[in-house]
>>> print(open('coords-v2.cif').read())   # mmCIF, C-alpha atoms
data_entry
#
loop_
_atom_site.label_atom_id
_atom_site.label_comp_id
_atom_site.auth_asym_id
_atom_site.auth_seq_id
_atom_site.Cartn_x
_atom_site.Cartn_y
_atom_site.Cartn_z
CA MET A 134 5.16 32.75 -12.62
CA PRO A 135 6.03 29.15 -13.58
CA ALA A 136 8.89 28.80 -16.02
CA GLY A 137 8.05 27.85 -19.58
CA THR A 138 10.16 26.44 -22.37
CA LEU A 139 10.03 29.30 -24.90
CA GLY A 140 11.78 32.62 -24.48
CA GLU A 141 11.13 36.12 -25.80
CA GLY A 142 13.40 35.49 -28.76
CA ASP A 143 11.33 32.49 -29.83
CA LEU A 144 8.13 34.51 -29.68
CA ALA A 145 9.74 37.38 -31.56
CA ASP A 146 10.74 34.96 -34.33
CA ILE A 147 7.13 33.80 -34.68
CA ASP A 148 5.95 37.42 -34.70
CA ALA A 149 8.40 38.18 -37.48
CA ARG A 150 7.35 35.13 -39.47
CA LEU A 151 3.68 36.14 -39.27
CA ALA A 152 4.15 39.88 -39.76
CA GLY A 153 2.96 39.59 -43.36
CA THR A 154 -0.15 37.73 -42.30
CA ASP A 155 -0.84 40.34 -39.62
CA THR A 156 -0.58 43.12 -42.21
CA LEU A 157 -2.77 41.23 -44.67
CA LEU A 158 -5.54 40.68 -42.14
CA ARG A 159 -5.38 44.27 -40.91
CA THR A 160 -5.40 45.93 -44.32
CA GLU A 161 -7.27 43.54 -46.63
CA TYR A 162 -9.79 42.06 -44.19
CA PRO A 163 -10.80 44.94 -41.91
CA GLY A 164 -14.40 43.73 -41.47
CA ASP A 165 -17.57 45.76 -41.87
CA ASP A 166 -17.25 49.44 -41.02
CA GLY A 167 -20.60 49.58 -39.21
CA SER A 168 -22.24 52.05 -41.57
CA ARG A 169 -25.79 51.54 -42.78
CA GLN A 170 -26.42 49.29 -45.78
CA PRO A 171 -29.62 49.98 -47.72
CA ILE A 172 -31.94 47.02 -48.15
CA HIS A 173 -32.56 47.77 -51.81
CA THR A 174 -31.48 49.84 -54.80
CA LEU A 175 -34.19 51.27 -57.02
CA TYR A 176 -33.13 51.97 -60.60
CA VAL A 177 -34.79 54.65 -62.75
CA PRO A 178 -33.69 56.16 -66.08
CA ALA A 179 -31.60 59.21 -65.21
CA ASP A 180 -33.77 61.68 -67.11
CA ARG A 181 -36.83 60.65 -65.08
CA PHE A 182 -35.49 61.89 -61.77
CA ARG A 183 -37.31 64.80 -60.13
CA LEU A 184 -37.11 66.08 -56.57
CA ASP A 185 -40.50 64.57 -55.79
CA LEU A 186 -39.74 61.16 -57.30
CA PRO A 187 -39.20 59.32 -53.97
CA ALA A 188 -42.42 60.71 -52.51
CA ALA A 189 -44.28 59.98 -55.75
CA PHE A 190 -43.07 56.38 -55.74
CA GLY A 191 -44.19 56.05 -52.14
CA ARG A 192 -47.64 57.37 -53.00
CA THR A 193 -47.91 55.05 -56.00
CA ALA A 194 -46.93 52.08 -53.87
CA ALA A 195 -49.48 53.02 -51.20
CA GLU A 196 -52.21 53.47 -53.82
CA VAL A 197 -51.72 50.05 -55.43
CA VAL A 198 -51.75 48.42 -52.00
CA SER A 199 -54.88 50.32 -51.02
CA ALA A 200 -56.59 49.21 -54.22
CA PHE A 201 -55.72 45.61 -53.29
CA GLY A 202 -57.38 45.98 -49.89
CA GLY A 203 -54.60 47.34 -47.71
CA THR A 204 -51.16 46.33 -46.54
CA ALA A 205 -52.43 43.66 -44.15
CA ALA A 206 -54.37 42.06 -47.00
CA LEU A 207 -51.26 42.07 -49.16
CA ALA A 208 -49.25 40.51 -46.33
CA ARG A 209 -51.77 37.69 -46.08
CA ALA A 210 -51.78 37.22 -49.86
CA VAL A 211 -48.00 36.72 -49.99
CA GLY A 212 -47.96 34.26 -47.10
CA LEU A 213 -47.28 36.56 -44.14
CA GLY A 214 -50.69 36.33 -42.53
CA ALA A 215 -49.43 35.59 -39.03
CA LEU A 216 -47.64 38.95 -38.96
CA ALA A 217 -50.02 40.91 -41.15
CA GLU A 218 -51.41 43.25 -38.48
CA GLU A 219 -48.04 44.18 -36.99
CA LEU A 220 -46.35 44.54 -40.38
CA ALA A 221 -48.98 46.79 -41.93
CA PRO A 222 -48.44 49.99 -39.88
CA LEU A 223 -44.66 49.65 -40.12
CA VAL A 224 -44.71 49.26 -43.90
CA ASP A 225 -47.28 52.03 -44.34
CA ALA A 226 -45.07 54.37 -42.32
CA LYS A 227 -42.02 53.37 -44.36
CA LEU A 228 -43.75 54.12 -47.66
CA GLU A 229 -44.64 57.56 -46.38
CA ARG A 230 -41.40 58.41 -44.55
CA GLU A 231 -38.67 56.77 -46.64
CA PRO A 232 -40.08 54.88 -49.64
CA ILE A 233 -36.67 54.57 -51.34
CA GLU A 234 -33.48 53.80 -49.43
CA ASP A 235 -31.06 53.81 -52.35
CA LEU A 236 -31.83 55.45 -55.70
CA ARG A 237 -29.71 54.89 -58.78
CA LEU A 238 -30.10 57.23 -61.75
CA ASP A 239 -29.37 54.98 -64.68
CA PHE A 240 -27.37 56.04 -67.73
CA GLU A 241 -26.82 52.45 -68.83
CA ASP A 242 -29.41 49.85 -69.92
CA GLY A 243 -32.35 51.77 -68.49
CA TYR A 244 -31.30 54.93 -70.34
CA GLY A 245 -29.97 53.49 -73.57
CA SER A 246 -27.86 54.99 -76.34
CA ARG A 247 -28.69 58.62 -77.11
CA PRO A 248 -26.98 61.51 -78.89
CA ASP A 249 -23.97 62.81 -76.97
CA ALA A 250 -25.46 66.27 -76.54
CA GLU A 251 -28.58 64.78 -74.95
CA GLU A 252 -26.67 62.57 -72.51
CA ASP A 253 -24.34 65.47 -71.65
CA ALA A 254 -27.32 67.63 -70.76
CA ASP A 255 -28.97 64.86 -68.76
CA ALA A 256 -25.76 64.18 -66.79
CA VAL A 257 -25.54 67.84 -65.76
CA LEU A 258 -29.26 68.02 -65.00
CA ALA A 259 -29.13 64.82 -62.92
CA ALA A 260 -26.35 66.27 -60.76
CA GLU A 261 -28.21 69.56 -60.32
CA ARG A 262 -31.35 67.75 -59.27
CA VAL A 263 -29.48 65.48 -56.85
CA SER A 264 -27.86 68.53 -55.26
CA ALA A 265 -31.23 70.26 -55.01
CA ALA A 266 -32.87 67.18 -53.50
CA VAL A 267 -30.13 66.86 -50.88
CA ALA A 268 -30.38 70.57 -50.03
CA ALA A 269 -34.16 70.29 -49.71
CA GLY A 270 -33.94 67.21 -47.50
CA VAL A 271 -35.96 65.04 -49.91
CA ALA A 272 -33.17 62.85 -51.31
CA PRO A 273 -33.03 59.17 -50.30
CA PRO A 274 -30.25 58.28 -47.83
CA PHE A 275 -28.23 56.87 -50.75
CA VAL A 276 -28.29 58.22 -54.31
CA GLY A 277 -26.01 58.16 -57.33
CA ILE A 278 -25.60 57.09 -60.93
CA ARG A 279 -24.87 54.00 -62.99
CA PHE A 280 -22.83 55.07 -66.01
CA LYS A 281 -21.98 53.04 -69.09
CA CYS A 282 -19.44 50.22 -68.84
CA PHE A 283 -15.73 50.30 -69.64
CA GLU A 284 -15.93 48.08 -72.70
CA GLU A 285 -14.49 49.83 -75.74
CA PRO A 286 -17.75 50.89 -77.49
CA THR A 287 -19.12 52.74 -74.43
CA ARG A 288 -16.03 53.52 -72.34
CA ARG A 289 -15.50 57.17 -73.25
CA ARG A 290 -19.20 57.91 -73.14
CA GLY A 291 -19.49 56.43 -69.66
CA ILE A 292 -16.46 58.31 -68.36
CA ARG A 293 -17.72 61.60 -69.81
CA THR A 294 -21.10 61.16 -68.10
CA LEU A 295 -19.37 60.41 -64.80
CA ASP A 296 -17.12 63.45 -65.28
CA LEU A 297 -20.02 65.82 -65.96
CA PHE A 298 -22.04 64.42 -63.07
CA LEU A 299 -19.25 64.70 -60.49
CA THR A 300 -18.01 68.08 -61.73
CA THR A 301 -21.51 69.52 -61.52
CA LEU A 302 -22.12 68.01 -58.08
CA VAL A 303 -18.95 69.59 -56.72
CA ALA A 304 -19.83 72.94 -58.29
CA ASN A 305 -23.15 72.86 -56.44
CA GLY A 306 -21.69 72.13 -53.00
CA PRO A 307 -20.27 69.19 -51.01
CA LEU A 308 -20.80 65.72 -52.37
CA PRO A 309 -23.79 63.96 -50.77
CA ASP A 310 -22.81 61.73 -47.86
CA GLY A 311 -24.71 58.86 -49.45
CA LEU A 312 -23.25 59.27 -52.95
CA VAL A 313 -22.97 55.95 -54.82
CA LEU A 314 -21.28 55.30 -58.17
CA THR A 315 -22.00 52.07 -60.02
CA LEU A 316 -19.63 50.51 -62.58
CA PRO A 317 -21.56 47.93 -64.63
CA LYS A 318 -20.63 44.91 -66.74
CA VAL A 319 -17.17 44.50 -65.27
CA THR A 320 -15.21 41.75 -67.01
CA THR A 321 -11.61 42.16 -65.83
CA VAL A 322 -9.61 43.37 -62.86
CA GLU A 323 -8.02 45.96 -65.16
CA GLN A 324 -11.39 47.70 -65.58
CA VAL A 325 -11.62 48.10 -61.82
CA GLU A 326 -8.06 49.39 -61.67
CA ALA A 327 -8.95 51.93 -64.36
CA MET A 328 -11.90 53.09 -62.25
CA VAL A 329 -9.58 53.48 -59.26
CA GLU A 330 -7.29 55.66 -61.38
CA LEU A 331 -10.24 57.80 -62.44
CA CYS A 332 -11.32 58.26 -58.82
CA GLU A 333 -7.82 59.45 -57.97
CA LEU A 334 -7.87 61.93 -60.86
CA PHE A 335 -11.27 63.31 -59.89
CA GLU A 336 -10.17 63.74 -56.28
CA GLN A 337 -7.04 65.60 -57.29
CA ARG A 338 -8.71 67.90 -59.81
CA LEU A 339 -11.93 68.57 -57.95
CA GLY A 340 -10.23 69.17 -54.61
CA LEU A 341 -11.76 66.14 -52.88
CA ALA A 342 -10.25 64.29 -49.96
CA VAL A 343 -8.16 61.25 -50.86
CA GLY A 344 -10.38 58.17 -50.77
CA ARG A 345 -13.62 60.15 -50.92
CA LEU A 346 -14.82 58.40 -54.07
CA ARG A 347 -15.77 54.74 -53.89
CA PHE A 348 -17.85 52.63 -56.26
CA GLU A 349 -19.93 49.50 -56.66
CA VAL A 350 -19.02 46.74 -59.10
CA GLN A 351 -21.80 44.99 -60.98
CA MET A 352 -21.01 41.31 -61.37
CA GLU A 353 -22.67 40.52 -64.70
CA THR A 354 -20.12 38.43 -66.58
CA PRO A 355 -18.82 34.88 -66.03
CA GLN A 356 -15.26 36.11 -66.64
CA LEU A 357 -15.31 37.58 -63.11
CA ILE A 358 -16.05 34.17 -61.62
CA VAL A 359 -13.40 32.23 -63.58
CA ALA A 360 -10.84 34.01 -65.77
CA ALA A 361 -8.95 32.67 -68.75
CA ASP A 362 -6.02 31.74 -66.48
CA GLY A 363 -8.24 29.87 -64.02
CA SER A 364 -8.12 32.58 -61.33
CA VAL A 365 -11.14 34.11 -59.57
CA PRO A 366 -11.09 37.81 -60.54
CA VAL A 367 -14.04 38.76 -58.35
CA ALA A 368 -11.80 38.10 -55.35
CA THR A 369 -8.69 39.67 -56.86
CA LEU A 370 -10.35 42.93 -57.87
CA LEU A 371 -11.29 43.72 -54.26
CA HIS A 372 -7.62 43.76 -53.31
CA ARG A 373 -6.54 45.79 -56.34
CA ALA A 374 -8.99 48.61 -55.72
CA ASP A 375 -7.21 50.44 -52.88
CA GLY A 376 -10.28 50.04 -50.67
CA ARG A 377 -12.54 51.87 -53.13
CA VAL A 378 -14.97 49.03 -53.95
CA SER A 379 -17.93 49.41 -51.64
CA ALA A 380 -20.19 46.63 -52.93
CA LEU A 381 -20.66 43.82 -55.42
CA HIS A 382 -24.05 43.70 -57.14
CA TYR A 383 -25.24 40.60 -58.94
CA GLY A 384 -26.78 41.27 -62.37
CA THR A 385 -29.44 38.65 -62.92
CA TYR A 386 -30.15 38.94 -66.60
CA ASP A 387 -26.80 39.89 -68.15
CA TYR A 388 -25.08 37.10 -66.24
CA SER A 389 -27.73 34.54 -67.15
CA ALA A 390 -27.65 35.54 -70.81
CA SER A 391 -23.84 35.21 -70.83
CA LEU A 392 -24.29 31.56 -69.85
CA GLN A 393 -26.89 31.04 -72.61
CA ILE A 394 -29.65 30.29 -70.12
CA ALA A 395 -33.00 30.51 -71.90
CA ALA A 396 -34.89 33.72 -71.17
CA ALA A 397 -37.77 31.86 -69.53
CA HIS A 398 -35.39 30.40 -66.95
CA GLN A 399 -33.31 33.47 -66.16
CA SER A 400 -33.86 34.10 -62.46
CA MET A 401 -32.22 35.11 -59.20
CA GLU A 402 -32.77 31.54 -57.98
CA HIS A 403 -31.32 29.64 -60.95
CA PRO A 404 -28.51 27.29 -59.83
CA ALA A 405 -26.06 29.26 -61.97
CA ALA A 406 -27.02 32.42 -60.10
CA ASP A 407 -26.58 30.71 -56.74
CA PHE A 408 -23.11 29.50 -57.71
CA ALA A 409 -21.98 32.98 -58.78
CA LYS A 410 -23.39 34.58 -55.66
CA GLN A 411 -21.73 32.03 -53.39
CA VAL A 412 -18.37 32.81 -55.00
CA MET A 413 -19.04 36.52 -54.48
CA GLN A 414 -19.97 35.88 -50.87
CA VAL A 415 -16.75 34.04 -50.13
CA ALA A 416 -14.71 36.71 -51.94
CA VAL A 417 -16.06 39.59 -49.83
CA ALA A 418 -15.95 37.83 -46.45
CA GLU A 419 -14.38 40.14 -43.83
CA THR A 420 -13.30 42.67 -46.48
CA GLY A 421 -16.01 45.17 -45.54
CA VAL A 422 -17.42 45.04 -49.08
CA ARG A 423 -21.21 44.61 -49.16
CA LEU A 424 -23.31 42.35 -51.37
CA SER A 425 -26.49 42.96 -53.30
CA ASP A 426 -28.67 40.44 -55.09
CA GLY A 427 -30.25 41.27 -58.43
CA SER A 428 -33.81 41.92 -59.55
CA THR A 429 -36.86 40.21 -60.92
CA ASN A 430 -38.35 41.70 -64.08
CA VAL A 431 -41.81 40.31 -63.30
CA ILE A 432 -43.53 43.57 -62.39
CA PRO A 433 -46.84 43.68 -60.41
CA VAL A 434 -48.87 45.75 -62.88
CA GLY A 435 -51.83 45.07 -65.16
CA ASP A 436 -54.11 42.07 -64.72
CA PRO A 437 -55.05 41.57 -61.04
CA VAL A 438 -54.17 37.87 -61.12
CA HIS A 439 -50.74 38.69 -62.56
CA VAL A 440 -50.23 41.45 -59.99
CA GLU A 441 -50.82 39.11 -57.07
CA GLU A 442 -48.60 36.40 -58.52
CA ALA A 443 -45.83 38.94 -59.17
CA TRP A 444 -46.07 40.16 -55.57
CA LYS A 445 -45.84 36.60 -54.28
CA LEU A 446 -42.79 35.97 -56.44
CA HIS A 447 -41.06 39.17 -55.36
CA ALA A 448 -41.74 38.60 -51.66
CA ARG A 449 -40.43 35.04 -51.90
CA LEU A 450 -37.27 36.10 -53.73
CA VAL A 451 -36.56 38.89 -51.24
CA ARG A 452 -36.90 36.43 -48.37
CA ARG A 453 -34.73 33.89 -50.17
CA SER A 454 -31.93 36.42 -50.58
CA LEU A 455 -32.09 37.43 -46.92
CA GLU A 456 -31.88 33.83 -45.76
CA ARG A 457 -28.74 33.41 -47.87
CA GLY A 458 -26.98 36.45 -46.44
CA TYR A 459 -27.79 38.91 -49.22
CA TYR A 460 -29.30 41.87 -47.38
CA GLN A 461 -29.83 44.12 -50.39
CA GLY A 462 -31.44 43.69 -53.80
CA TRP A 463 -32.68 45.63 -56.81
CA ASP A 464 -36.17 46.98 -57.39
CA LEU A 465 -37.38 48.28 -60.74
CA HIS A 466 -40.86 49.64 -60.06
CA ALA A 467 -42.84 51.43 -57.35
CA ALA A 468 -45.22 48.48 -57.06
CA GLN A 469 -42.33 46.30 -55.85
CA LEU A 470 -41.70 48.50 -52.81
CA PRO A 471 -44.56 47.09 -50.67
CA THR A 472 -43.36 43.50 -50.97
CA ARG A 473 -39.73 44.56 -50.50
CA TYR A 474 -40.61 46.00 -47.12
CA LEU A 475 -43.15 43.35 -46.13
CA ALA A 476 -40.77 40.46 -46.81
CA THR A 477 -37.80 42.23 -45.21
CA TYR A 478 -39.70 43.33 -42.12
CA ALA A 479 -41.16 39.86 -41.66
CA PHE A 480 -37.65 38.36 -41.82
CA TYR A 481 -36.40 40.55 -38.98
CA ARG A 482 -39.52 40.41 -36.86
CA GLU A 483 -39.77 36.63 -37.06
CA GLY A 484 -36.22 36.26 -35.81
CA PHE A 485 -36.25 39.11 -33.31
CA ALA A 486 -37.61 37.43 -30.18
CA THR A 487 -35.02 34.64 -30.24
CA ALA A 488 -32.17 36.99 -31.12
CA ALA A 489 -33.16 39.42 -28.37
CA LYS A 490 -33.36 36.68 -25.74
CA ARG A 491 -29.92 35.40 -26.63
CA LEU A 492 -28.45 38.91 -26.64
CA ASP A 493 -29.98 39.65 -23.25
CA ASN A 494 -28.42 36.48 -21.91
CA TYR A 495 -25.03 37.17 -23.49
CA LEU A 496 -24.89 40.73 -22.16
CA HIS A 497 -26.67 40.28 -18.82
CA GLY A 498 -26.64 36.55 -17.98
CA SER A 499 -30.42 36.23 -18.03
CA ASP A 500 -30.61 32.58 -19.16
CA ALA A 501 -28.07 30.01 -18.02
CA THR A 502 -29.34 27.46 -20.57
CA ILE A 503 -27.78 29.40 -23.50
CA MET A 504 -24.03 29.82 -23.96
CA ASP A 505 -23.33 31.82 -27.11
CA GLU A 506 -19.80 32.53 -28.25
CA PRO A 507 -18.64 36.08 -29.10
CA ALA A 508 -18.86 35.47 -32.85
CA THR A 509 -22.48 34.34 -32.51
CA ALA A 510 -23.29 37.32 -30.31
CA ARG A 511 -21.88 39.64 -32.96
CA ALA A 512 -24.07 37.96 -35.59
CA LEU A 513 -27.14 38.32 -33.36
CA ALA A 514 -26.37 42.00 -32.78
CA ARG A 515 -25.86 42.62 -36.51
CA PHE A 516 -29.24 41.03 -37.19
CA VAL A 517 -31.01 43.34 -34.73
CA VAL A 518 -29.12 46.43 -35.90
CA ARG A 519 -30.08 45.75 -39.52
CA GLY A 520 -33.70 45.42 -38.47
CA LEU A 521 -33.50 48.75 -36.66
CA GLU A 522 -31.86 50.57 -39.56
CA CYS A 523 -34.51 49.62 -42.11
CA GLY A 524 -37.48 50.24 -39.80
CA ALA A 525 -38.54 46.64 -39.17
CA LEU A 526 -37.87 47.07 -35.44
CA THR A 527 -38.26 50.04 -33.14
CA ALA A 528 -35.70 51.29 -30.65
CA GLU A 529 -38.15 50.80 -27.80
CA GLU A 530 -38.76 47.17 -28.77
CA VAL A 531 -35.03 46.56 -28.81
CA ARG A 532 -34.47 48.20 -25.41
CA SER A 533 -37.29 46.24 -23.83
CA ALA A 534 -36.35 42.85 -25.27
CA THR A 535 -32.55 43.01 -24.97
CA GLY A 536 -32.13 45.25 -21.95
CA SER A 537 -29.63 47.28 -23.97
CA GLU A 538 -29.52 50.57 -25.81
CA PRO A 539 -29.23 50.31 -29.61
CA VAL A 540 -25.80 51.93 -29.50
CA GLU A 541 -24.57 49.07 -27.28
CA LEU A 542 -25.69 46.57 -29.90
CA VAL A 543 -23.93 48.54 -32.64
CA ARG A 544 -20.71 48.30 -30.63
CA LEU A 545 -21.20 44.58 -30.11
CA ALA A 546 -21.97 44.05 -33.80
CA HIS A 547 -18.92 46.01 -34.94
CA PRO A 548 -16.14 45.71 -32.35
CA LYS A 549 -13.52 47.12 -34.74
CA LEU A 550 -15.61 50.26 -35.00
CA VAL A 551 -15.35 50.65 -31.24
CA ILE A 552 -11.55 50.34 -31.42
CA THR A 553 -11.45 53.06 -34.06
CA GLU A 554 -13.67 55.34 -32.00
CA ASP A 555 -11.62 54.77 -28.85
CA ALA A 556 -8.38 55.39 -30.72
CA SER A 557 -9.65 58.75 -31.98
#
>>> encode(input="coords-v2.cif", output="structure tokens")
Amino acid sequence: MPAGTLGEGDLADIDARLAGTDTLLRTEYPGDDGSRQPIHTLYVPADRFRLDLPAAFGRTAAEVVSAFGGTAALARAVGLGALAEELAPLVDAKLEREPIEDLRLDFEDGYGSRPDAEEDADAVLAAERVSAAVAAGVAPPFVGIRFKCFEEPTRRRGIRTLDLFLTTLVANGPLPDGLVLTLPKVTTVEQVEAMVELCELFEQRLGLAVGRLRFEVQMETPQLIVAADGSVPVATLLHRADGRVSALHYGTYDYSASLQIAAAHQSMEHPAADFAKQVMQVAVAETGVRLSDGSTNVIPVGDPVHVEEAWKLHARLVRRSLERGYYQGWDLHAAQLPTRYLATYAFYREGFATAAKRLDNYLHGSDATIMDEPATARALARFVVRGLECGALTAEEVRSATGSEPVELVRLAHPKLVITEDAS
């Protein structure tokens, strides 16, 4: 080999200088873990949950669409006419097979303030019903609770509800694989650190594996964007949580109200909302923490003209979030499910042909006119994998168009996951 100028000692010095950076990137920015992310979270008051609730919501959604003239008619009404006929059977199947991807039993705003004895009983009953739903195979892939926030007036009540829920779940068997805990109205990093401490206590006392409990943070206060000292707590909290924060959820209405935005203008697409969500997006980059957009409270019920306008609004907002890299959002009513799936499925199906062609070329050299870099190929693979996971695309379509098995695309989308698998 030709002689160079630098020796092993020089390179070792550089390695030593950058050892801290190497550790930081490895531990604090591990990338996405490759697990499924739901495309929405549906919130219901905790005491409303029954084993048949997901199926009942699916039936309600199908009935309102049928009354409108069918899923294809709804697709055309919300501006998806070109894809209406191919979207309709996919969405109809989704509403029957898996109408809710992520269900949150709400003990916070949607539940309200009730006597302690009543909330105690509902917390135990919610856990028993979740356990029963999981055992019966009728629970959504992801399910959990949102308890009251850690501000002083509600802190102990929220912790007690969480305690009763988790203790009852463990008493009824293993925790659900898709268990999700949601901490709302977070204002400071210290509240997240307190939640981490609680998770550690629950694991120790309930005999759970270390790290088993993770939680979502709801970003509903401006103090998480800019703190009193000028720092950006939404970024800091991720690195003070010992890897336990799984997602950041934007809270449309609490955040807007905190900024004194008039009620008529509170929206997921207000410039103030976009600014907050862009800060969140930068904060979570490469950390493995997911993002969720908020909700619209314009519900498609009542007057037919209002229903159609509400569907148009919801479909447009879902699409807007997807285009901005927010692949999950909140839904508040069964009638929002059809447009959630129509808008999401259209997003993936519209982009599929181009993504598949480029993936086929990257993996098999099928088109010399395209030269994608590895980072772009990973993004293309992630796009297709997300479409597969939610039901917008079929495995056979992906095989035919990309010349690859879905598992190959998962490995391309999440190369660090492959390293972990190989190492084990």
>>> resolve_selection(input="coords-v2.cif", expression="the PyMOL selection byres ((chain A and resi 312) around 7)", output="list of chain:residue names")
A:Phe275, A:Val276, A:Gly277, A:Leu308, A:Pro309, A:Asp310, A:Gly311, A:Val313, A:Leu314
>>> resolve_selection(input="coords-v2.cif", expression="the PyMOL selection byres ((chain A and resi 542) around 12)", output="number ranges by chain")
A: 167, 488-489, 492-493, 495-496, 510-521, 528, 531-532, 535-541, 543-548, 550-551
>>> resolve_selection(input="coords-v2.cif", expression="the PyMOL selection byres ((chain A and resi 294) around 12)", output="PyMOL selection string")
chain A and resi 179+238-241+249-260+278-282+287-293+295-301+314
>>> closest_residue(input="coords-v2.cif", among="A:Ala418, A:Thr429, A:Glu530, A:Ala208", to="His403 of chain A", atoms="all atoms listed in the file")
A:Thr429
>>> residues_around(input="coords-v2.cif", residues="Ala206 of chain A", least_positions_apart="3", cutoff="12 Å", atoms="all atoms listed in the file", output="PyMOL selection string")
chain A and resi 197-203+209-218+220-221+441+471-472+475
>>> closest_residue(input="coords-v2.cif", among="A:Asp362, A:Asp166, A:Asp500, A:Glu284", to="Ala327 of chain A", atoms="all atoms listed in the file")
A:Glu284
>>> closest_residue(input="coords-v2.cif", among="A:Leu450, A:Met504, A:Val303, A:Ala380", to="Ser425 of chain A", atoms="only C-alpha atoms")
A:Ala380
>>> atom_distance(input="coords-v2.cif", atom1="atom CA of Pro507 of chain A", atom2="atom CA of Lys549 of chain A")
13.4 Å
>>> closest_residue(input="coords-v2.cif", among="A:Asp155, A:Pro135, A:Glu323, A:Ser168", to="Pro366 of chain A", atoms="only C-alpha atoms")
A:Glu323
>>> closest_residue(input="coords-v2.cif", among="A:Val322, A:Ala195, A:Ala486, A:Val350", to="His372 of chain A", atoms="all atoms listed in the file")
A:Val322
>>> atom_distance(input="coords-v2.cif", atom1="atom CA of Arg345 of chain A", atom2="atom CA of Thr369 of chain A")
21.9 Å
>>> atom_distance(input="coords-v2.cif", atom1="atom CA of Val325 of chain A", atom2="atom CA of Leu370 of chain A")
6.6 Å
>>> closest_residue(input="coords-v2.cif", among="A:Leu158, A:Leu228, A:Val367, A:Leu331", to="Thr193 of chain A", atoms="all atoms listed in the file")
A:Leu228
>>> axis_aligned_box(input="coords-v2.cif", around="segment 362-366 of chain A", padding_each_side="6 Å", output="JSON")
{"center_x": -8.6, "center_y": 33.8, "center_z": -63.0, "size_x": 17.1, "size_y": 19.9, "size_z": 18.9}
>>> residues_around(input="coords-v2.cif", residues="His466 of chain A", least_positions_apart="3", cutoff="12 Å", atoms="all atoms listed in the file", output="PyMOL selection string")
chain A and resi 173-178+186-187+189-191+193-194+197+232-233+236+428-434+443-444+447+463+469-473
